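Containing compact mmCIF, C-alpha atoms: query36.txt.
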```txt
# COMPACT_ATOMS: atom_id res chain seq x y z
CA MET K 13 40.04 -10.20 -113.56
CA ASN K 14 41.77 -7.55 -115.63
CA SER K 15 39.70 -5.33 -117.91
CA GLU K 16 41.17 -6.83 -121.08
CA LEU K 17 40.08 -10.36 -120.15
CA HIS K 18 36.68 -9.02 -119.07
CA LYS K 19 36.30 -7.53 -122.55
CA GLU K 20 37.27 -10.84 -124.11
CA LYS K 21 34.65 -12.67 -122.06
CA ARG K 22 31.90 -10.47 -123.48
CA SER K 23 32.67 -11.83 -126.95
CA ARG K 24 32.95 -15.44 -125.78
CA LEU K 25 29.57 -16.98 -125.03
CA ALA K 26 29.00 -20.49 -123.69
CA LEU K 27 25.35 -21.51 -124.02
CA VAL K 28 24.03 -23.96 -121.41
CA GLY K 29 20.66 -25.59 -120.85
CA MET K 30 18.65 -28.74 -121.44
CA SER K 31 18.70 -30.54 -124.77
CA GLY K 32 16.15 -28.78 -126.95
CA SER K 33 16.31 -25.50 -125.03
CA GLY K 34 17.68 -23.56 -128.01
CA LYS K 35 21.47 -23.77 -127.66
CA THR K 36 22.09 -24.94 -131.23
CA PHE K 37 19.37 -22.65 -132.59
CA TRP K 38 21.07 -19.57 -131.13
CA THR K 39 24.54 -20.85 -131.99
CA ARG K 40 23.48 -21.08 -135.62
CA LYS K 41 21.97 -17.60 -135.55
CA LEU K 42 25.17 -16.17 -134.06
CA ALA K 43 27.24 -18.09 -136.64
CA ALA K 44 25.08 -16.61 -139.42
CA ALA K 45 25.88 -13.19 -137.96
CA GLY K 46 29.63 -13.83 -138.22
CA TRP K 47 30.46 -15.50 -134.91
CA ARG K 48 32.78 -18.48 -134.83
CA SER K 49 31.05 -21.56 -133.44
CA VAL K 50 32.11 -24.75 -131.67
CA CYS K 51 29.68 -27.63 -131.18
CA CYS K 52 30.51 -29.99 -128.30
CA ASP K 53 28.11 -32.67 -129.59
CA ASP K 54 30.13 -32.96 -132.80
CA LEU K 55 33.45 -33.18 -130.99
CA ILE K 56 32.21 -35.83 -128.55
CA GLU K 57 30.78 -37.85 -131.44
CA GLN K 58 34.18 -37.75 -133.18
CA ARG K 59 35.88 -39.09 -130.06
CA LEU K 60 33.32 -41.89 -129.83
CA ALA K 61 33.43 -42.64 -133.58
CA PRO K 62 35.29 -46.00 -133.42
CA ARG K 63 32.90 -47.29 -130.75
CA LEU K 64 29.87 -46.03 -132.67
CA ALA K 65 31.07 -47.55 -135.94
CA ALA K 66 31.50 -50.95 -134.28
CA GLY K 67 27.77 -51.00 -133.63
CA GLY K 68 26.79 -49.40 -136.93
CA TYR K 69 25.86 -46.07 -135.34
CA SER K 70 26.51 -42.52 -136.54
CA GLY K 71 25.25 -39.01 -135.89
CA ILE K 72 23.80 -37.53 -132.70
CA ASN K 73 20.88 -39.98 -132.75
CA GLY K 74 23.38 -42.78 -133.23
CA VAL K 75 25.15 -41.68 -130.04
CA ALA K 76 21.81 -41.91 -128.20
CA ALA K 77 21.17 -45.38 -129.65
CA TRP K 78 24.70 -46.51 -128.70
CA MET K 79 24.15 -45.35 -125.11
CA GLY K 80 20.90 -47.30 -124.97
CA TRP K 81 17.85 -47.06 -122.77
CA PRO K 82 18.74 -45.82 -119.25
CA ASN K 83 17.91 -49.15 -117.59
CA SER K 84 19.82 -51.28 -120.11
CA VAL K 85 22.77 -53.33 -118.88
CA THR K 86 25.32 -51.29 -120.86
CA TYR K 87 23.97 -47.82 -120.10
CA VAL K 88 25.93 -47.00 -116.93
CA GLN K 89 29.25 -47.89 -118.57
CA ARG K 90 28.46 -45.97 -121.75
CA GLU K 91 27.18 -42.99 -119.80
CA ALA K 92 30.57 -42.90 -118.05
CA GLU K 93 32.42 -43.19 -121.38
CA TYR K 94 30.37 -40.35 -122.86
CA LEU K 95 31.06 -38.10 -119.86
CA ALA K 96 34.79 -38.88 -120.00
CA GLU K 97 34.89 -37.81 -123.66
CA GLU K 98 32.87 -34.68 -122.88
CA ILE K 99 35.34 -33.73 -120.16
CA GLY K 100 38.17 -34.33 -122.65
CA VAL K 101 36.52 -32.04 -125.21
CA MET K 102 35.99 -29.27 -122.66
CA ASP K 103 39.52 -29.58 -121.30
CA GLU K 104 41.08 -29.38 -124.76
CA PHE K 105 38.88 -26.44 -125.73
CA LEU K 106 39.71 -24.53 -122.53
CA ASN K 107 43.43 -25.32 -122.81
CA ASN K 108 43.50 -23.66 -126.22
CA LEU K 109 41.38 -20.76 -125.03
CA GLU K 110 43.63 -20.17 -122.02
CA LYS K 111 46.71 -20.20 -124.25
CA GLU K 112 45.08 -17.71 -126.56
CA THR K 113 44.13 -15.49 -123.64
CA SER K 114 47.69 -15.51 -122.36
CA GLY K 115 49.02 -14.76 -125.82
CA LEU K 116 50.76 -18.12 -126.09
CA GLY K 117 48.36 -19.85 -128.45
CA LYS K 118 49.24 -19.08 -132.06
CA ASP K 119 47.24 -21.86 -133.70
CA SER K 120 43.78 -22.45 -132.23
CA SER K 121 42.18 -24.07 -135.25
CA ARG K 122 42.22 -27.64 -134.02
CA LEU K 123 38.87 -27.80 -132.24
CA GLY K 124 36.88 -25.47 -134.41
CA LYS K 125 37.45 -27.18 -137.73
CA HIS K 126 34.84 -29.84 -136.95
CA SER K 127 31.72 -27.73 -136.35
CA SER K 128 30.05 -28.51 -139.67
CA ARG K 129 26.77 -29.23 -137.93
CA LEU K 130 26.48 -25.50 -137.33
CA GLY K 131 26.99 -24.65 -140.97
CA LYS K 132 30.12 -22.59 -140.34
CA HIS K 133 33.66 -23.66 -139.48
CA SER K 134 35.01 -22.22 -136.26
CA GLY K 135 38.74 -21.84 -136.62
CA GLY K 136 39.26 -19.77 -133.46
CA LEU K 137 38.76 -20.34 -129.75
CA GLY K 138 37.93 -16.89 -128.49
CA LYS K 139 38.50 -13.74 -130.49
CA ASP K 140 40.91 -14.43 -133.30
CA SER K 141 43.33 -11.97 -134.78
CA SER K 142 40.51 -10.35 -136.74
CA GLY K 143 38.46 -9.86 -133.57
CA THR K 144 35.83 -12.50 -134.38
CA PRO K 145 33.74 -13.47 -131.33
CA ILE K 146 33.01 -17.11 -130.48
CA VAL K 147 30.02 -19.09 -129.23
CA LEU K 148 30.28 -22.52 -127.60
CA ASP K 149 27.30 -24.86 -128.02
CA THR K 150 27.61 -27.07 -124.93
CA THR K 151 25.71 -30.26 -124.19
CA GLY K 152 22.97 -30.48 -121.60
CA SER K 153 25.31 -32.55 -119.45
CA VAL K 154 28.15 -30.00 -119.27
CA ILE K 155 27.21 -29.41 -115.62
CA TYR K 156 28.50 -32.92 -114.82
CA ALA K 157 32.02 -32.04 -115.93
CA GLN K 158 34.64 -31.73 -113.21
CA ASN K 159 34.43 -28.66 -110.99
CA ASN K 160 37.75 -27.32 -112.25
CA ILE K 161 36.42 -27.51 -115.84
CA LEU K 162 33.34 -25.50 -114.88
CA MET K 163 35.41 -22.93 -112.98
CA ARG K 164 37.69 -22.48 -115.99
CA LEU K 165 34.67 -22.14 -118.27
CA ARG K 166 33.25 -19.34 -116.11
CA ARG K 167 36.65 -17.66 -115.98
CA GLN K 168 37.16 -17.65 -119.76
CA MET K 169 33.64 -17.17 -121.11
CA THR K 170 30.30 -15.56 -120.34
CA VAL K 171 28.04 -18.51 -119.50
CA VAL K 172 24.43 -17.99 -120.62
CA HIS K 173 21.63 -20.21 -119.35
CA LEU K 174 18.85 -20.61 -121.90
CA ALA K 175 15.93 -20.89 -119.51
CA ASN K 176 12.60 -22.49 -120.36
CA THR K 177 9.06 -21.87 -119.17
CA ALA K 178 6.99 -24.66 -117.61
CA GLN K 179 5.14 -25.08 -120.90
CA GLU K 180 8.41 -25.33 -122.82
CA GLN K 181 9.70 -27.91 -120.35
CA ARG K 182 6.69 -30.11 -121.16
CA MET K 183 7.63 -29.74 -124.81
CA LEU K 184 11.19 -30.88 -124.00
CA VAL K 185 9.78 -34.14 -122.65
CA GLU K 186 7.79 -34.74 -125.85
CA ARG K 187 10.79 -33.81 -127.96
CA TYR K 188 12.97 -36.36 -126.18
CA LEU K 189 10.33 -39.07 -126.57
CA ASN K 190 9.97 -38.42 -130.30
CA ASP K 191 13.60 -37.67 -131.15
CA PRO K 192 15.95 -39.03 -128.46
CA LYS K 193 19.30 -37.29 -127.98
CA PRO K 194 22.12 -38.47 -125.70
CA VAL K 195 21.08 -37.84 -122.11
CA LEU K 196 23.05 -38.47 -118.93
CA TRP K 197 20.36 -39.41 -116.42
CA ARG K 198 22.77 -39.65 -113.47
CA GLY K 199 20.50 -41.94 -111.45
CA THR K 200 17.22 -40.09 -111.99
CA PHE K 201 15.66 -42.79 -114.20
CA HIS K 202 13.71 -45.37 -112.18
CA VAL K 203 11.27 -47.80 -113.79
CA LYS K 204 8.10 -48.71 -111.90
CA ASP K 205 6.27 -52.02 -112.26
CA GLN K 206 3.96 -52.27 -115.28
CA GLU K 207 5.17 -48.89 -116.55
CA THR K 208 5.81 -48.41 -120.28
CA PRO K 209 9.10 -46.76 -121.37
CA ARG K 210 7.23 -43.61 -122.45
CA GLU K 211 5.51 -43.43 -119.08
CA THR K 212 8.84 -43.74 -117.26
CA VAL K 213 10.37 -40.93 -119.33
CA ALA K 214 7.30 -38.73 -118.89
CA ARG K 215 7.57 -39.18 -115.13
CA CYS K 216 11.36 -38.96 -114.71
CA TYR K 217 12.37 -36.33 -117.28
CA PRO K 218 10.73 -33.44 -115.38
CA LEU K 219 12.72 -34.55 -112.31
CA LEU K 220 15.90 -34.40 -114.37
CA ILE K 221 14.98 -30.92 -115.65
CA ALA K 222 14.34 -29.65 -112.11
CA ALA K 223 17.63 -31.06 -110.81
CA ARG K 224 19.63 -29.63 -113.68
CA ARG K 225 18.02 -26.21 -113.58
CA LYS K 226 19.66 -25.42 -110.24
CA SER K 227 23.06 -26.44 -111.62
CA TYR K 228 22.62 -24.34 -114.77
CA GLU K 229 21.66 -21.33 -112.68
CA THR K 230 24.73 -21.78 -110.48
CA LEU K 231 27.09 -22.14 -113.45
CA ALA K 232 25.72 -19.26 -115.55
CA HIS K 233 26.56 -15.58 -115.35
CA CYS K 234 23.09 -14.73 -116.68
CA ALA K 235 19.88 -16.29 -118.01
CA VAL K 236 17.87 -15.55 -121.12
CA GLN K 237 14.22 -16.55 -121.54
CA VAL K 238 14.57 -17.04 -125.26
CA SER K 239 10.86 -17.58 -125.93
CA GLN K 240 10.33 -13.90 -125.14
CA LEU K 241 12.47 -12.94 -128.13
CA HIS K 242 10.13 -14.61 -130.67
CA ALA K 243 13.09 -15.37 -132.91
CA LYS K 244 12.84 -17.36 -136.13
CA HIS K 245 15.39 -19.38 -138.05
CA ALA K 246 17.93 -17.21 -139.84
CA SER K 247 16.17 -16.80 -143.20
CA ASP K 248 17.67 -13.44 -144.11
CA SER K 249 20.60 -11.50 -142.73
CA GLN K 250 18.65 -8.40 -141.72
CA ASN K 251 16.08 -10.22 -139.59
CA ASN K 252 18.75 -12.51 -138.18
CA ALA K 253 20.90 -9.53 -137.18
CA ALA K 254 17.92 -8.00 -135.36
CA ASP K 255 17.26 -11.28 -133.49
CA VAL K 256 20.93 -11.60 -132.53
CA GLU K 257 21.05 -8.02 -131.28
CA ARG K 258 18.02 -8.59 -129.04
CA PHE K 259 19.62 -11.75 -127.72
CA LEU K 260 22.94 -10.02 -126.99
CA GLN K 261 21.16 -7.07 -125.41
CA LYS K 262 19.48 -9.42 -122.91
CA ILE K 263 22.96 -10.64 -121.95
CA ARG K 264 24.51 -7.17 -121.78
CA GLU K 265 21.75 -5.97 -119.47
CA GLN K 266 22.81 -8.59 -116.93
CA VAL K 267 26.58 -8.78 -117.18
CA GLU K 268 27.81 -5.32 -118.10
CA PRO K 269 28.21 -2.61 -115.47
CA THR K 270 25.79 0.28 -115.73
```

Rewrite the coordinates I just gave you, this time as structure tokens.
Amino acid sequence: MNSELHKEKRSRLALVGMSGSGKTFWTRKLAAAGWRSVCCDDLIEQRLAPRLAAGGYSGINGVAAWMGWPNSVTYVQREAEYLAEEIGVMDEFLNNLEKETSGLGKDSSRLGKHSSRLGKHSGGLGKDSSGTPIVLDTTGSVIYAQNNILMRLRRQMTVVHLANTAQEQRMLVERYLNDPKPVLWRGTFHVKDQETPRETVARCYPLLIAARRKSYETLAHCAVQVSQLHAKHASDSQNNAADVERFLQKIREQVEPT
């Protein structure tokens, strides 16, 4: 990799980890600090919009409701449809980023214009002409994208795994039970006789976390234990800037040569 592209990667962060691990939280904090932001959840939802509307669904929770319970008759098909759209989102994003890197992409606003969930539009895919850095808020299932997608992601961006402690992982289970988000179970959901749905999730979700953790670690260039940063929601610019700097310093310590 040439030094110019290496420099670009430092200002292009892709956050990976389980749903609820803090990807959107840190994306919003970076956006409040002036970073451009792209939310994959929003872009996938837009691609699924006609199918969601047919069932009266909308929003991220609507996507989860459309997918259904993991042992429902429609789940496997809809899980496949969701993954296909996620791969499409990642491919389009990386195509634009690669064009920009090569100097061929003059208009990279197409993907970023839809990241309203993050509170800030993200017109660029990588540093734009003003030198604005970019953060990509991936889904928890990004690791199931095709290998060539993941290789391109690593080549173009610094991939940061937001790691969770054992206690935080237990909280992720409760969070999913109380506020379900789209989850690709990929065969790890198995119902036992006389088991309630909550009991099945409580038993199977930790297995899903353990299986995914290895994939996140393999994909990422570095890992950040975000709970150690004790960050709060961006209430004022000064405190937010301090939180963001601590976050970026954790990344720099791992990826930049000493």

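The shortest atom-to-atom distance to Thr200 of chain K, with only C-alpha atoms taken into account, belongs to K:Asn83 out of K:Leu231, K:Val185, K:Ala96, K:Asn83.
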
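Considering the residues K:Ser31, K:Thr144, K:Ser70, K:Ser84 and counting only C-alpha atoms, His202 of chain K has its shortest atom-to-atom contact with K:Ser84.
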
Would you pick out the contacts of segment 75-81 of chain K at 10 Å or less, using all atoms listed in the file, so that residues sharing its chain but fewer than 3 positions from it are not included, and give the list as a compact mmCIF listing (two decimals) with C-alpha atoms, in the coordinates of the input?
```txt
# COMPACT_ATOMS: atom_id res chain seq x y z
CA ASP K 53 28.11 -32.67 -129.59
CA ILE K 56 32.21 -35.83 -128.55
CA GLU K 57 30.78 -37.85 -131.44
CA LEU K 60 33.32 -41.89 -129.83
CA ALA K 61 33.43 -42.64 -133.58
CA ARG K 63 32.90 -47.29 -130.75
CA LEU K 64 29.87 -46.03 -132.67
CA ALA K 65 31.07 -47.55 -135.94
CA ALA K 66 31.50 -50.95 -134.28
CA GLY K 67 27.77 -51.00 -133.63
CA GLY K 68 26.79 -49.40 -136.93
CA TYR K 69 25.86 -46.07 -135.34
CA SER K 70 26.51 -42.52 -136.54
CA GLY K 71 25.25 -39.01 -135.89
CA ILE K 72 23.80 -37.53 -132.70
CA SER K 84 19.82 -51.28 -120.11
CA VAL K 85 22.77 -53.33 -118.88
CA THR K 86 25.32 -51.29 -120.86
CA TYR K 87 23.97 -47.82 -120.10
CA VAL K 88 25.93 -47.00 -116.93
CA GLN K 89 29.25 -47.89 -118.57
CA ARG K 90 28.46 -45.97 -121.75
CA GLU K 91 27.18 -42.99 -119.80
CA ALA K 92 30.57 -42.90 -118.05
CA GLU K 93 32.42 -43.19 -121.38
CA TYR K 94 30.37 -40.35 -122.86
CA ASP K 191 13.60 -37.67 -131.15
CA PRO K 192 15.95 -39.03 -128.46
CA LYS K 193 19.30 -37.29 -127.98
CA PRO K 194 22.12 -38.47 -125.70
CA VAL K 195 21.08 -37.84 -122.11
CA LEU K 196 23.05 -38.47 -118.93
CA PHE K 201 15.66 -42.79 -114.20
CA PRO K 209 9.10 -46.76 -121.37
```

task = Within 10 Å of segment 217-219 of chain K, counting only C-alpha atoms, which residues show up once you throw out same-chain ones fewer than 4 positions away? Write them as a list in words, please.
result = Ala178, Gln181, Arg182, Leu184, Val185, Glu186, Tyr188, Leu189, Trp197, Thr200, Phe201, Thr212, Val213, Ala223, Arg224 and Arg225 of chain K

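Our summary of the geometry notes that atom CA of Thr36 of chain K is positioned 8.6 Å from atom CA of Thr150 of chain K.
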
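Shortest atom-to-atom contact with Thr170 of chain K among K:Val147, K:Met102, K:Val238, K:Cys216: K:Val147, counting all atoms listed in the file.
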
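Coordinates place atom CA of Ala232 of chain K at a distance of 16.5 Å from atom CA of Leu106 of chain K.
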
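Pairwise distance (atom CA of Lys226 of chain K, atom CA of Asp255 of chain K) equals 27.3 Å.
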
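Residues lying at most 9 Å from (19.5, -16.5, -122.2) in file coordinates, with all atoms listed in the file considered, are Leu27, Val28, Val172, His173, Leu174, Ala175, Cys234, Ala235, Val236, Gln237, Val238, Phe259, Leu260, Lys262 and Ile263 of chain K.
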
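Of the listed residues (K:Glu98, K:Glu229, K:Ala45, K:Gln168), K:Gln168 comes nearest to Glu112 of chain K; the distances count all atoms listed in the file.
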
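Comparing K:Val101, K:Leu241, K:Leu25, K:Leu109 by their smallest distance to Gln58 of chain K, the closest is K:Val101 (using only C-alpha atoms).
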
Nearest to Arg164 of chain K, chosen from K:Asn107, K:Asn73, K:Thr177, K:Thr151, with all atoms listed in the file counted in the distances = K:Asn107
